[in-house]
>>> print(open('my_file33.cif').read())   # mmCIF, C-alpha atoms
data_coords
#
loop_
_atom_site.label_atom_id
_atom_site.label_comp_id
_atom_site.auth_asym_id
_atom_site.auth_seq_id
_atom_site.Cartn_x
_atom_site.Cartn_y
_atom_site.Cartn_z
CA MET L 1 0.00 0.00 0.00
CA GLY L 2 1.20 3.48 -0.85
CA PHE L 3 -0.91 6.56 -1.13
CA ARG L 4 -2.17 8.89 -3.85
CA MET L 5 -1.39 12.55 -3.48
CA GLY L 6 -3.08 15.02 -5.80
CA ILE L 7 -0.96 18.02 -6.79
CA VAL L 8 -3.25 21.05 -7.09
CA GLY L 9 -2.95 24.80 -7.30
CA LEU L 10 -3.60 27.82 -9.48
CA PRO L 11 -2.11 27.83 -12.99
CA ASN L 12 1.61 28.64 -13.33
CA VAL L 13 2.63 27.93 -9.74
CA GLY L 14 5.00 25.09 -10.67
CA LYS L 15 2.78 22.01 -10.31
CA SER L 16 3.78 20.26 -13.51
CA THR L 17 7.45 21.20 -13.12
CA LEU L 18 7.40 19.65 -9.66
CA PHE L 19 5.54 16.58 -10.92
CA ASN L 20 8.07 16.05 -13.72
CA ALA L 21 10.95 16.34 -11.28
CA LEU L 22 9.43 14.00 -8.71
CA THR L 23 8.58 11.28 -11.19
CA LYS L 24 11.67 11.87 -13.37
CA THR L 25 9.48 11.94 -16.44
CA ALA L 26 8.32 14.51 -18.93
CA ALA L 27 4.80 13.11 -18.89
CA ALA L 28 3.28 16.39 -17.71
CA GLN L 29 3.79 19.28 -20.09
CA ALA L 30 5.19 22.25 -18.20
CA ALA L 31 4.45 25.49 -20.01
CA ASN L 32 3.91 29.13 -19.14
CA PHE L 33 0.19 29.30 -19.85
CA PRO L 34 -2.92 28.18 -17.97
CA PHE L 35 -4.44 24.72 -18.51
CA CYS L 36 -1.38 23.15 -20.14
CA THR L 37 -2.31 20.00 -18.19
CA ILE L 38 -5.49 18.69 -19.79
CA GLU L 39 -5.69 15.20 -18.29
CA PRO L 40 -4.44 14.29 -14.83
CA ASN L 41 -0.95 12.82 -15.14
CA VAL L 42 -0.14 9.96 -12.81
CA GLY L 43 3.37 9.12 -11.65
CA ASP L 44 4.26 6.14 -9.49
CA VAL L 45 7.52 6.64 -7.60
CA ALA L 46 9.62 4.68 -5.14
CA VAL L 47 9.62 5.82 -1.52
CA PRO L 48 13.25 6.50 -0.54
CA ASP L 49 14.20 4.66 2.64
CA ALA L 50 17.84 4.04 3.59
CA ARG L 51 16.75 1.37 6.07
CA LEU L 52 15.51 -0.89 3.27
CA HIS L 53 18.84 -0.81 1.45
CA ARG L 54 20.71 -1.53 4.68
CA LEU L 55 18.51 -4.57 5.36
CA ALA L 56 18.93 -5.85 1.79
CA GLU L 57 22.69 -5.49 2.08
CA MET L 58 22.81 -7.43 5.35
CA ALA L 59 20.50 -10.22 4.10
CA LYS L 60 22.22 -10.33 0.69
CA SER L 61 18.78 -10.04 -0.91
CA LYS L 62 18.67 -10.51 -4.68
CA GLN L 63 15.96 -7.87 -5.05
CA THR L 64 15.18 -4.64 -3.23
CA ILE L 65 11.57 -3.53 -3.59
CA PRO L 66 10.68 -0.16 -2.07
CA ALA L 67 7.22 1.01 -1.11
CA ARG L 68 5.45 3.07 -3.78
CA MET L 69 3.48 6.26 -3.77
CA THR L 70 1.50 7.94 -6.52
CA PHE L 71 1.44 11.58 -7.49
CA VAL L 72 -1.47 12.86 -9.55
CA ASP L 73 -0.81 16.13 -11.39
CA ILE L 74 -4.19 17.87 -11.60
CA ALA L 75 -4.69 20.84 -13.90
CA GLY L 76 -4.66 24.37 -12.53
CA LEU L 77 -7.86 25.43 -10.83
CA VAL L 78 -9.12 29.00 -11.04
CA LYS L 79 -11.69 31.13 -9.26
CA GLY L 80 -15.08 29.80 -10.34
CA ALA L 81 -13.87 26.22 -10.88
CA SER L 82 -16.77 24.89 -8.79
CA LYS L 83 -19.09 26.51 -11.35
CA GLY L 84 -17.19 25.02 -14.27
CA GLU L 85 -14.85 27.95 -14.92
CA GLY L 86 -11.59 27.04 -16.61
CA LEU L 87 -11.60 23.25 -16.71
CA GLY L 88 -13.05 23.07 -13.24
CA ASN L 89 -15.53 20.25 -12.71
CA GLN L 90 -13.61 17.38 -14.29
CA PHE L 91 -10.58 18.18 -12.14
CA LEU L 92 -12.61 18.44 -8.96
CA ALA L 93 -13.64 14.85 -9.68
CA ASN L 94 -9.97 13.84 -10.05
CA ILE L 95 -9.23 15.22 -6.57
CA ARG L 96 -11.83 12.89 -5.03
CA GLU L 97 -9.71 9.89 -6.03
CA THR L 98 -6.70 10.96 -3.95
CA ASP L 99 -5.82 10.32 -0.29
CA ALA L 100 -4.34 13.76 0.32
CA ILE L 101 -3.81 17.07 -1.42
CA ALA L 102 -0.46 18.70 -2.06
CA HIS L 103 -1.38 22.33 -2.65
CA VAL L 104 1.47 23.98 -4.53
CA LEU L 105 1.75 27.69 -3.79
CA ARG L 106 3.85 30.17 -5.71
CA CYS L 107 6.35 31.66 -3.28
CA PHE L 108 8.77 33.11 -5.84
CA GLU L 109 8.96 36.36 -7.74
CA ASP L 110 9.51 36.11 -11.51
CA GLY L 111 8.26 38.70 -13.96
CA ASP L 112 8.67 36.22 -16.83
CA VAL L 113 6.15 33.76 -15.35
CA THR L 114 2.59 35.03 -15.48
CA HIS L 115 0.39 34.73 -12.37
CA VAL L 116 -3.26 34.18 -13.19
CA GLU L 117 -4.25 36.83 -10.59
CA GLY L 118 -1.43 39.23 -11.53
CA ARG L 119 0.27 39.12 -8.12
CA VAL L 120 2.26 36.83 -5.80
CA ASP L 121 0.28 36.11 -2.62
CA PRO L 122 0.37 32.43 -1.67
CA VAL L 123 -2.02 32.80 1.28
CA ALA L 124 -4.63 34.42 -0.98
CA ASP L 125 -4.03 31.68 -3.56
CA ALA L 126 -4.64 29.03 -0.92
CA GLU L 127 -7.88 30.72 0.10
CA THR L 128 -9.03 30.86 -3.54
CA ILE L 129 -8.60 27.11 -4.02
CA GLU L 130 -10.05 26.25 -0.61
CA THR L 131 -13.13 28.37 -1.34
CA GLU L 132 -13.73 26.59 -4.65
CA LEU L 133 -13.42 23.20 -3.01
CA MET L 134 -15.78 24.20 -0.20
CA ILE L 135 -18.37 25.46 -2.69
CA ALA L 136 -18.17 22.18 -4.60
CA ASP L 137 -18.51 20.23 -1.33
CA LEU L 138 -21.51 22.25 -0.20
CA GLU L 139 -23.30 21.57 -3.47
CA SER L 140 -22.49 17.87 -3.15
CA VAL L 141 -23.75 17.76 0.44
CA GLU L 142 -27.02 19.48 -0.49
CA ARG L 143 -27.65 16.98 -3.31
CA ARG L 144 -26.94 14.00 -1.09
CA LEU L 145 -29.22 15.26 1.65
CA GLN L 146 -32.05 15.56 -0.86
CA ASN L 147 -31.36 12.08 -2.27
CA ILE L 148 -31.56 10.26 1.07
CA VAL L 149 -34.75 11.89 2.40
CA ARG L 150 -36.91 8.88 1.50
CA LYS L 151 -34.52 6.37 3.11
CA VAL L 152 -34.33 8.48 6.28
CA ARG L 153 -38.13 8.58 6.51
CA GLY L 154 -38.14 4.81 6.11
CA GLY L 155 -35.85 4.43 9.10
CA ASP L 156 -32.78 3.21 7.20
CA LYS L 157 -30.06 3.29 9.90
CA GLU L 158 -27.17 4.00 7.53
CA ALA L 159 -29.10 6.79 5.84
CA VAL L 160 -29.90 8.33 9.24
CA ALA L 161 -26.21 8.25 10.19
CA GLN L 162 -25.24 9.63 6.79
CA GLN L 163 -27.73 12.46 7.18
CA ARG L 164 -26.22 13.37 10.55
CA LEU L 165 -22.71 13.51 9.08
CA LEU L 166 -23.82 15.45 6.01
CA GLU L 167 -25.55 18.01 8.19
CA ALA L 168 -22.40 18.39 10.29
CA ALA L 169 -20.41 18.94 7.10
CA ARG L 170 -22.95 21.46 5.83
CA THR L 171 -22.76 23.45 9.07
CA ALA L 172 -18.98 23.65 8.83
CA LEU L 173 -18.99 24.59 5.14
CA GLU L 174 -21.64 27.26 5.62
CA ASP L 175 -19.46 28.70 8.39
CA GLY L 176 -16.54 28.89 5.95
CA ARG L 177 -14.70 25.91 7.43
CA PRO L 178 -13.48 22.86 5.45
CA ALA L 179 -15.03 19.46 6.15
CA ARG L 180 -11.79 18.21 7.77
CA THR L 181 -12.54 20.48 10.76
CA VAL L 182 -15.57 18.31 11.66
CA GLU L 183 -14.86 16.02 14.61
CA VAL L 184 -15.91 12.47 13.78
CA GLY L 185 -16.00 9.54 16.23
CA ASP L 186 -14.41 6.17 15.49
CA GLU L 187 -17.82 4.59 14.93
CA ASP L 188 -18.51 7.03 12.08
CA ALA L 189 -15.03 7.10 10.53
CA LYS L 190 -15.72 4.64 7.70
CA LEU L 191 -19.01 6.27 6.70
CA TRP L 192 -17.39 9.71 6.90
CA ARG L 193 -14.58 8.67 4.57
CA GLY L 194 -17.18 7.30 2.18
CA LEU L 195 -18.58 10.79 1.66
CA GLN L 196 -15.39 11.65 -0.28
CA LEU L 197 -15.66 15.37 0.33
CA LEU L 198 -12.89 17.42 -1.25
CA THR L 199 -12.15 19.50 1.85
CA GLN L 200 -12.20 16.39 4.01
CA LYS L 201 -8.79 15.34 2.71
CA PRO L 202 -5.61 16.18 4.62
CA ILE L 203 -3.72 19.03 2.99
CA LEU L 204 0.00 19.67 2.60
CA TYR L 205 1.05 23.13 1.47
CA VAL L 206 4.04 22.96 -0.86
CA CYS L 207 5.86 26.29 -0.98
CA ASN L 208 7.57 26.57 -4.36
CA VAL L 209 10.43 29.01 -3.83
CA GLY L 210 13.24 30.27 -6.04
CA GLU L 211 16.63 28.55 -6.07
CA ASP L 212 18.21 31.10 -3.71
CA ASP L 213 15.53 30.44 -1.07
CA ALA L 214 15.50 26.64 -1.26
CA ALA L 215 17.48 26.11 1.96
CA THR L 216 15.93 28.84 4.09
CA GLY L 217 12.56 29.74 2.61
CA ASN L 218 11.39 33.35 2.38
CA ALA L 219 8.73 35.74 3.63
CA HIS L 220 6.08 34.11 1.41
CA SER L 221 6.81 30.59 2.70
CA GLU L 222 6.86 31.88 6.28
CA ALA L 223 3.36 33.32 5.78
CA VAL L 224 2.20 29.94 4.47
CA ALA L 225 3.77 28.18 7.47
CA ARG L 226 1.80 30.42 9.83
CA MET L 227 -1.42 29.69 7.94
CA ALA L 228 -0.72 25.94 7.95
CA ALA L 229 -0.04 25.98 11.69
CA GLU L 230 -3.39 27.67 12.34
CA GLN L 231 -5.15 25.00 10.27
CA GLY L 232 -3.21 22.04 11.61
CA ALA L 233 -2.01 21.36 8.05
CA GLY L 234 1.44 20.30 6.86
CA THR L 235 3.93 22.43 4.95
CA VAL L 236 7.16 21.84 3.06
CA VAL L 237 9.48 24.22 1.18
CA ILE L 238 10.70 23.06 -2.23
CA SER L 239 12.27 24.68 -5.25
CA ALA L 240 10.71 22.97 -8.25
CA ALA L 241 13.48 24.42 -10.42
CA ILE L 242 16.13 22.73 -8.29
CA GLU L 243 14.21 19.46 -8.16
CA GLU L 244 14.04 19.50 -11.95
CA GLN L 245 17.84 19.76 -12.09
CA ILE L 246 18.36 17.06 -9.45
CA ALA L 247 16.16 14.65 -11.41
CA GLN L 248 18.68 14.68 -14.27
CA LEU L 249 21.67 13.68 -12.08
CA ASP L 250 22.95 10.32 -10.87
CA ASP L 251 23.18 9.58 -7.14
CA ALA L 252 26.75 10.83 -6.68
CA GLU L 253 26.08 14.02 -8.62
CA GLN L 254 22.87 14.60 -6.67
CA ALA L 255 24.71 14.49 -3.34
CA GLU L 256 27.32 16.96 -4.58
CA PHE L 257 24.70 19.28 -6.05
CA LEU L 258 22.61 19.26 -2.86
CA ALA L 259 25.69 20.09 -0.78
CA GLU L 260 26.46 23.04 -3.05
CA MET L 261 22.89 24.31 -2.64
CA GLY L 262 23.05 23.97 1.16
CA LEU L 263 20.40 21.21 1.18
CA GLU L 264 20.62 18.01 3.21
CA GLU L 265 18.20 16.03 1.05
CA ALA L 266 16.13 16.23 -2.12
CA GLY L 267 12.66 17.69 -2.05
CA LEU L 268 11.14 14.31 -2.92
CA ASP L 269 12.36 12.88 0.38
CA ARG L 270 10.95 15.79 2.35
CA LEU L 271 7.66 15.75 0.46
CA ILE L 272 7.13 12.02 0.98
CA ARG L 273 8.04 12.21 4.66
CA ALA L 274 5.64 15.12 5.13
CA GLY L 275 2.97 13.12 3.32
CA TYR L 276 3.53 10.10 5.55
CA GLU L 277 3.24 12.28 8.65
CA LEU L 278 0.11 13.92 7.26
CA LEU L 279 -1.61 10.57 6.70
CA HIS L 280 -0.08 8.89 9.78
CA LEU L 281 1.61 6.19 7.69
CA GLU L 282 4.39 3.82 8.74
CA THR L 283 6.68 1.27 7.07
CA TYR L 284 7.46 -2.33 7.93
CA PHE L 285 9.86 -4.68 6.15
CA THR L 286 10.05 -8.28 4.99
CA VAL L 287 13.62 -9.49 4.47
CA GLY L 288 15.17 -12.63 3.02
CA PRO L 289 17.71 -13.89 0.47
CA LYS L 290 15.15 -13.56 -2.35
CA GLU L 291 14.04 -10.00 -1.63
CA ALA L 292 13.94 -7.17 0.86
CA ARG L 293 10.70 -5.22 0.64
CA ALA L 294 9.10 -2.21 2.28
CA TRP L 295 5.35 -2.08 2.97
CA THR L 296 3.29 0.99 3.87
CA ILE L 297 0.57 0.78 6.53
CA PRO L 298 -1.48 3.25 8.59
CA ALA L 299 -0.17 3.80 12.12
CA GLY L 300 -1.93 1.48 14.54
CA THR L 301 -2.33 -1.38 12.04
CA THR L 302 -2.57 -4.79 13.71
CA ALA L 303 -0.32 -7.68 12.69
CA PRO L 304 -3.09 -9.54 10.77
CA GLN L 305 -4.00 -6.36 8.90
CA ALA L 306 -0.34 -5.78 8.04
CA ALA L 307 -0.14 -9.34 6.74
CA GLY L 308 -3.20 -8.63 4.60
CA VAL L 309 -1.29 -5.90 2.77
CA ILE L 310 0.87 -8.67 1.32
CA HIS L 311 -2.01 -11.06 0.59
CA GLY L 312 -5.55 -11.43 1.87
CA ASP L 313 -4.93 -15.10 2.68
CA PHE L 314 -2.18 -14.07 5.11
CA GLU L 315 -4.70 -12.05 7.10
CA ARG L 316 -7.44 -14.69 7.01
CA GLY L 317 -5.11 -17.49 8.09
CA PHE L 318 -2.92 -15.42 10.42
CA ILE L 319 -1.26 -17.40 13.23
CA ARG L 320 1.46 -15.10 14.50
CA ALA L 321 4.13 -12.63 13.41
CA GLU L 322 7.83 -13.09 14.14
CA THR L 323 9.04 -9.57 14.81
CA ILE L 324 12.44 -7.91 15.05
CA ALA L 325 12.85 -4.17 15.52
CA TYR L 326 14.95 -2.56 12.79
CA ASP L 327 17.56 -1.26 15.25
CA ASP L 328 17.99 -4.75 16.76
CA PHE L 329 18.25 -6.37 13.33
CA VAL L 330 21.02 -3.97 12.28
CA SER L 331 22.95 -3.68 15.54
CA LEU L 332 23.00 -7.44 16.18
CA GLY L 333 23.97 -8.38 12.63
CA GLY L 334 20.84 -9.90 11.12
CA GLU L 335 17.88 -12.22 11.73
CA LYS L 336 19.85 -15.21 13.05
CA GLU L 337 21.86 -13.11 15.47
CA ALA L 338 18.77 -11.21 16.69
CA LYS L 339 16.97 -14.49 17.32
CA GLU L 340 19.94 -15.92 19.25
CA ALA L 341 20.06 -12.75 21.35
CA GLY L 342 16.38 -13.14 22.23
CA ARG L 343 15.33 -10.06 20.28
CA MET L 344 12.89 -11.85 17.97
CA ARG L 345 9.38 -11.74 19.40
CA ALA L 346 6.31 -13.82 18.58
CA GLU L 347 3.35 -11.45 18.34
CA GLY L 348 -0.34 -12.32 18.07
CA LYS L 349 -3.45 -10.83 16.53
CA THR L 350 -3.64 -7.80 18.81
CA TYR L 351 -0.07 -6.61 18.18
CA ARG L 352 0.12 -3.18 16.56
CA VAL L 353 2.97 -3.05 14.10
CA ARG L 354 5.62 -0.40 14.74
CA ASP L 355 7.48 1.67 12.17
CA GLY L 356 10.63 -0.19 11.11
CA ASP L 357 9.54 -3.67 12.26
CA VAL L 358 11.06 -6.55 10.31
CA LEU L 359 8.27 -9.13 10.09
CA HIS L 360 7.78 -12.74 9.08
CA PHE L 361 4.18 -13.95 9.06
CA LEU L 362 3.05 -17.49 9.85
CA HIS L 363 -0.37 -18.47 8.47
CA ASN L 364 -2.38 -21.61 7.77
CA VAL L 365 -3.77 -20.78 4.32
#
>>> encode(input="my_file33.cif", output="structure tokens")
Amino acid sequence: MGFRMGIVGLPNVGKSTLFNALTKTAAAQAANFPFCTIEPNVGDVAVPDARLHRLAEMAKSKQTIPARMTFVDIAGLVKGASKGEGLGNQFLANIRETDAIAHVLRCFEDGDVTHVEGRVDPVADAETIETELMIADLESVERRLQNIVRKVRGGDKEAVAQQRLLEAARTALEDGRPARTVEVGDEDAKLWRGLQLLTQKPILYVCNVGEDDAATGNAHSEAVARMAAEQGAGTVVISAAIEEQIAQLDDAEQAEFLAEMGLEEAGLDRLIRAGYELLHLETYFTVGPKEARAWTIPAGTTAPQAAGVIHGDFERGFIRAETIAYDDFVSLGGEKEAKEAGRMRAEGKTYRVRDGDVLHFLHNV
């Protein structure tokens, strides 16, 4: 399991340039005019994780298979998108298919790159997009409430619960608050997710700065950080121009280039880590001579559920999980040594997998 992150924003903020750099492809046309992206471009990329390569090296694995994540480059939205302005409605539908939203904001000054609003104000840009998404959500909520009236009158329990959640969403939206501000109990979580509201999705603000500001950010990115903190949203500073250059280099050249730019790591690493934190995701590993592999799971996943990520039969026939913490595996010299040192544990169905666990599942299917 990975996750799908939709890259959204106003036209000409650097979405497609960032997408091209992250996926190391030229699949998305980057051009200095609105709506150059006509269909959502999808890029599947490996999740960088030094731990996986260390485990593969120790186990002499023939294959190293990283976790994957998907970026979806969605065309530039404009004011009025919820009413069909620009290429609005079809792209609002594309957003519904993602797990989270990476909202790219222009935080650089460049007279040669046109801004659709004729000014550089990332906070105002964020408000423009959020407003369009809230309008679209409110219209969706109103339609759904009308469509379930008959079922509610008939006493359908799910419809009654859905009506309660839709009314809570409507109250928030009418107050100018996104749906993600609604507090939902565990018993309603699945039904709430099923509503697929646009403003329900976690949001990560991506501040696209100029090359000179890549290491430190600037006044624009600082303003975005304050806004994100108030909303409880994530934020990351990236220079799409630099990422585009990094994508063309091999590993050794990348390290040298990053050092020259005063950066400790590429923007892809920071963006993925921020996305994992945003969605409360973790990684566990399976390791052997055939392959070393990373698997992505939500925090709090039980051992049987984690086994199910590999294959449904593993979850249905789960017996136990043999577990070694990553630090123990590495410090003790491998699986055999960890087992001899008493650091391999047998965990049952209630065990909640921890980030970095090296697991081997026993099952009867």
>>> closest_residue(input="my_file33.cif", among="L:Ala240, L:Leu258, L:Leu263, L:Leu166", to="L:Arg106", atoms="all atoms listed in the file")
L:Ala240
>>> atom_distance(input="my_file33.cif", atom1="atom CA of L:His220", atom2="atom CA of L:Phe108")
7.8 Å
>>> resolve_selection(input="my_file33.cif", expression="the PyMOL selection byres ((chain L and resi 304) around 8)", output="ChimeraX atom specification")
/L:302-303,305-308,314-316,318,349
>>> closest_residue(input="my_file33.cif", among="L:Leu198, L:Ala100, L:Ile203, L:Val182", to="L:Ile135", atoms="only C-alpha atoms")
L:Leu198
>>> closest_residue(input="my_file33.cif", among="L:Gly300, L:Gly288, L:Gly342, L:Gly275", to="L:Gln63", atoms="only C-alpha atoms")
L:Gly288
>>> resolve_selection(input="my_file33.cif", expression="the PyMOL selection byres ((chain L and resi 43) around 8)", output="ChimeraX atom specification")
/L:19,23,41-42,44-45,70-72
>>> resolve_selection(input="my_file33.cif", expression="the PyMOL selection byres ((chain L and resi 289) around 10)", output="compact mmCIF listing (two decimals) with C-alpha atoms, in the coordinates of the input")
# COMPACT_ATOMS: atom_id res chain seq x y z
CA ALA L 56 18.93 -5.85 1.79
CA GLU L 57 22.69 -5.49 2.08
CA MET L 58 22.81 -7.43 5.35
CA ALA L 59 20.50 -10.22 4.10
CA LYS L 60 22.22 -10.33 0.69
CA SER L 61 18.78 -10.04 -0.91
CA LYS L 62 18.67 -10.51 -4.68
CA GLN L 63 15.96 -7.87 -5.05
CA VAL L 287 13.62 -9.49 4.47
CA GLY L 288 15.17 -12.63 3.02
CA LYS L 290 15.15 -13.56 -2.35
CA GLU L 291 14.04 -10.00 -1.63
CA ALA L 292 13.94 -7.17 0.86
>>> atom_distance(input="my_file33.cif", atom1="atom CA of L:Val237", atom2="atom CA of L:Ser221")
7.1 Å
>>> residues_around(input="my_file33.cif", residues="L:Ala241", least_positions_apart="6", cutoff="12 Å", atoms="only C-alpha atoms", output="VMD selection string")
chain L and resid 13 to 22 30 108 208 to 214 247 to 248 266 to 267
>>> atom_distance(input="my_file33.cif", atom1="atom CA of L:Ile95", atom2="atom CA of L:Glu142")
19.3 Å
>>> closest_residue(input="my_file33.cif", among="L:Val206, L:Val152, L:Ala325, L:Ala67", to="L:Ile101", atoms="all atoms listed in the file")
L:Val206
>>> residues_around(input="my_file33.cif", residues="L:Glu335", least_positions_apart="4", cutoff="10 Å", atoms="only C-alpha atoms", output="ChimeraX atom specification")
/L:55,58-59,287-288,323-324,328-330,339-341,343-344,358
